[in-house]
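S.K.: Here you go, one structure.
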Amino acid sequence: MNALVINCCPVRNGATAEIVSIIYHELNATFQAKAICISDYSFGFCNGCRSCHKAAECVQNDDFGNIIAEFENTDIIVCVAPSYWADVPAQFKAFIDRCTPWCNTHEPHARLKSGKKGYSVALRTGPNMKECEKIIGTIEHFYGHMEIECCGHLGLCSVEYKEDVNRHRAEIIAFCNQIKKISKDTLLYLKPANTNDIEKEFLFVRDIPVDENGYINEYYGISRKDFDNALDTIIANSRGEKLPEGYVPMTSYFLWNNDTIVGKLDLRQYLCESLINGSGHIGFYISPEYRGKGFGTEGLKLIIDIARNVVPEEEIYLRVNKNNPASLKAMLKNNGYIHHEDNKSYFVRIKK
């Protein structure tokens with residue numbers, strides 16, 4: 001899991017930078033962390049041309065794209081901003097304005113990968129917390145329109161110089177521990193089917209219905225003894241071995257939330273004619289007790305990232321039954337679009 005800590009202040013070595021340094025070192029002990037300063041990038045103001053309302057991209061070509069790429073490549077975002085006249089510094093506000101192509105109040109708009117968690121830290125020289133609350137409100141308003149989940153914030157008063165940060169160090173570290181706990185509680189990752197996890201894989205696969213909203217499971221009710229051979233076949237299929245005639249290599253992944261399997265996702269490594277007009281590259285199943293919690297969207301995001309480096313086709317193909325709106329929503333949240341439909345299904349495409 002990646003974490004990005006942003007110094008939203010133009011000063012690279014002041015109190016804000018000191019707070020960023022503490023947060024970076026605390027998070028880097030658990031995650032793959034990176035710290036950046038808004039002043040390390042050169043970009044222009046939004047000129048209000050509204051071209052992005054039609055094209056979902058900015059006409060300006062500058063360092064802004066490098067910052068948004070950092071947002072795209074991380075899971076956790078921590079914005080640390082001092083008070084400049086009771087709001088965020090102009091440099092960071094200019095960045096927010098340039099994010100208009102990603103704002104969800106108009107269509108079409110660009111989208112970050114879903115599932116990102118956002119945190120806010122505000123500091124000011126005076127003793128009144130209301131000013132910090134206004135800054136936090138600005139950042140969280142920005143997160144909301146970028147569809148970044150707001151997960152926590154911290155306000156620090158009476159901080160003017162670097163030395164003033166020391167009295168708040170314990171408070172900042174406690175905030176970092178909160179970030180780590182929230183993120184660990186929903187630490188999702190994919191693992192290919194493997195023999196080391198066979199006991200948990202068996203229990204999960206055994207209980208998937210034969211046909212769950214179009215997800216087909218030939219191993220429903222399988223015995224533990226027979227699952228040894230089944231798992232051997234599943235793993236061999238990922239290498240293109242033991243394939244029935246007309247089948248393509250397929251890698252089966254289990255979606256883990258910490259040490260619990262919550263889903264199963266299958267990636268067909270390329271398409272044959274029946275898959276082009278059928279189920280496409282990816283099939284996925286989320287256990288009923290974990291539905292409605294974003295696991296489908298997040299799991300699909302993870303396997304799409306893998307598919308982009310595996311499948312040769314220009315787009316990733318998926319199919320979903322029309323009576324399965326939750327799976328359709330997960331696909332659309334991952335930048336999918338409905339290519340066509342028939343009486344039973346929507347056929348979705350996601351650009352690589």
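Identifiers in the structure tokens: chain A, B, ... in order shown; residue index from 1 per chain; ligand index from 1 in order shown.
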Using DSSP on the backbone coordinates, identify the residues of stretch 81-300 of chain A assigned to alpha helix (DSSP H); present them as JSON, numbers by chain.
M.R.: {"A": [90, 91, 92, 93, 94, 95, 96, 97, 98, 129, 130, 131, 132, 133, 134, 135, 136, 137, 138, 139, 140, 141, 142, 143, 144, 145, 146, 169, 170, 171, 172, 173, 174, 175, 176, 177, 178, 179, 180, 181, 182, 183, 184, 185, 198, 199, 200, 201, 202, 203, 204, 205, 206, 224, 225, 226, 227, 228, 229, 230, 231, 232, 233, 234, 235, 236, 237, 238, 273, 274, 275, 276, 295, 296, 297, 298, 299, 300]}
S.K.: For A:Ala29, please output as a VMD selection string all residues within 12 Å (counting only C-alpha atoms; exclusion window: fewer than 3 positions along the same chain).
M.R.: chain A and resid 1 to 3 22 to 26 32 to 34 176 to 177 180
S.K.: Between atom CA of A:Val121 and atom CA of A:Asp62, what distance in Å does the model show, to one decimal?
M.R.: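 Straight-line distance from atom CA of A:Val121 to atom CA of A:Asp62 works out to 27.0 Å.
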S.K.: Name the closest residue to A:Trp85 among the candidates A:His281, A:Lys162, A:Lys351, A:Arg124; distances are taken between atoms, counting only C-alpha atoms.
M.R.: A:Arg124
S.K.: Can you work out the spacing between atom CA of A:Lys200 and atom CA of A:Asn258 in Å, to one decimal?
M.R.: 12.9 Å
S.K.: Just want the 8 Å neighbourhood of A:Leu255, counted on only C-alpha atoms, with same-chain residues fewer than 6 positions away dropped. Output as an MDAnalysis selection string.
M.R.: chainID A and resid 188:191 261:265 299
S.K.: Write the residues of the selection above to a file with C-alpha atoms, as an mmCIF file, in the first residue's frame.
M.R.:
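Here's the written file part_15.cif:
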data_model
loop_
_atom_site.group_PDB
_atom_site.id
_atom_site.type_symbol
_atom_site.label_atom_id
_atom_site.label_comp_id
_atom_site.auth_asym_id
_atom_site.auth_seq_id
_atom_site.Cartn_x
_atom_site.Cartn_y
_atom_site.Cartn_z
ATOM 1 C CA LEU A 188 -6.979 -5.549 0.432
ATOM 2 C CA TYR A 189 -4.650 -7.469 -1.831
ATOM 3 C CA LEU A 190 -4.750 -10.198 -4.467
ATOM 4 C CA LYS A 191 -2.882 -13.496 -4.276
ATOM 5 C CA ILE A 261 -10.493 -14.295 1.820
ATOM 6 C CA VAL A 262 -13.391 -12.079 0.749
ATOM 7 C CA GLY A 263 -13.546 -12.732 -2.982
ATOM 8 C CA LYS A 264 -12.269 -14.592 -6.027
ATOM 9 C CA LEU A 265 -11.309 -12.985 -9.337
ATOM 10 C CA GLY A 299 -10.805 -5.976 -6.013
#
S.K.: Show me, as a PyMOL selection string, the residues that have an atom within 12 Å of A:Glu140 when counting only C-alpha atoms, minus same-chain residues fewer than 4 positions from it.
M.R.: chain A and resi 77-80+88+96+117-122+133-136+144-154
S.K.: Just asking: which residues within stretch 155-296 of chain A are strand (DSSP E) according to DSSP, as a PyMOL selection string?
M.R.: chain A and resi 155-156+188-192+211-212+215-216+250-257+260-268+282-286
S.K.: Here is a test: counting only C-alpha atoms, which residue of A:Val59, A:Ile19, A:Cys8, A:Ile216 is nearest to A:Arg167?
M.R.: A:Ile19
S.K.: Leaving out stretch 40-53 of chain A and any residue of its chain fewer than 3 positions from it, which residues lie within 8 Å of it when counting only C-alpha atoms, given as a list of chain:residue names?
M.R.: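 Returned residues: A:Ile36, A:Cys37, A:Ala56, A:Glu57, A:Cys58, A:Val59, A:Gln60, A:Asp62, A:Asp63, A:Phe64, A:Ile67, A:Ala94, A:Phe95, A:Asp97, A:Arg98, A:Thr100, A:Pro101, A:His106, A:Glu107, A:Pro108, A:His109.
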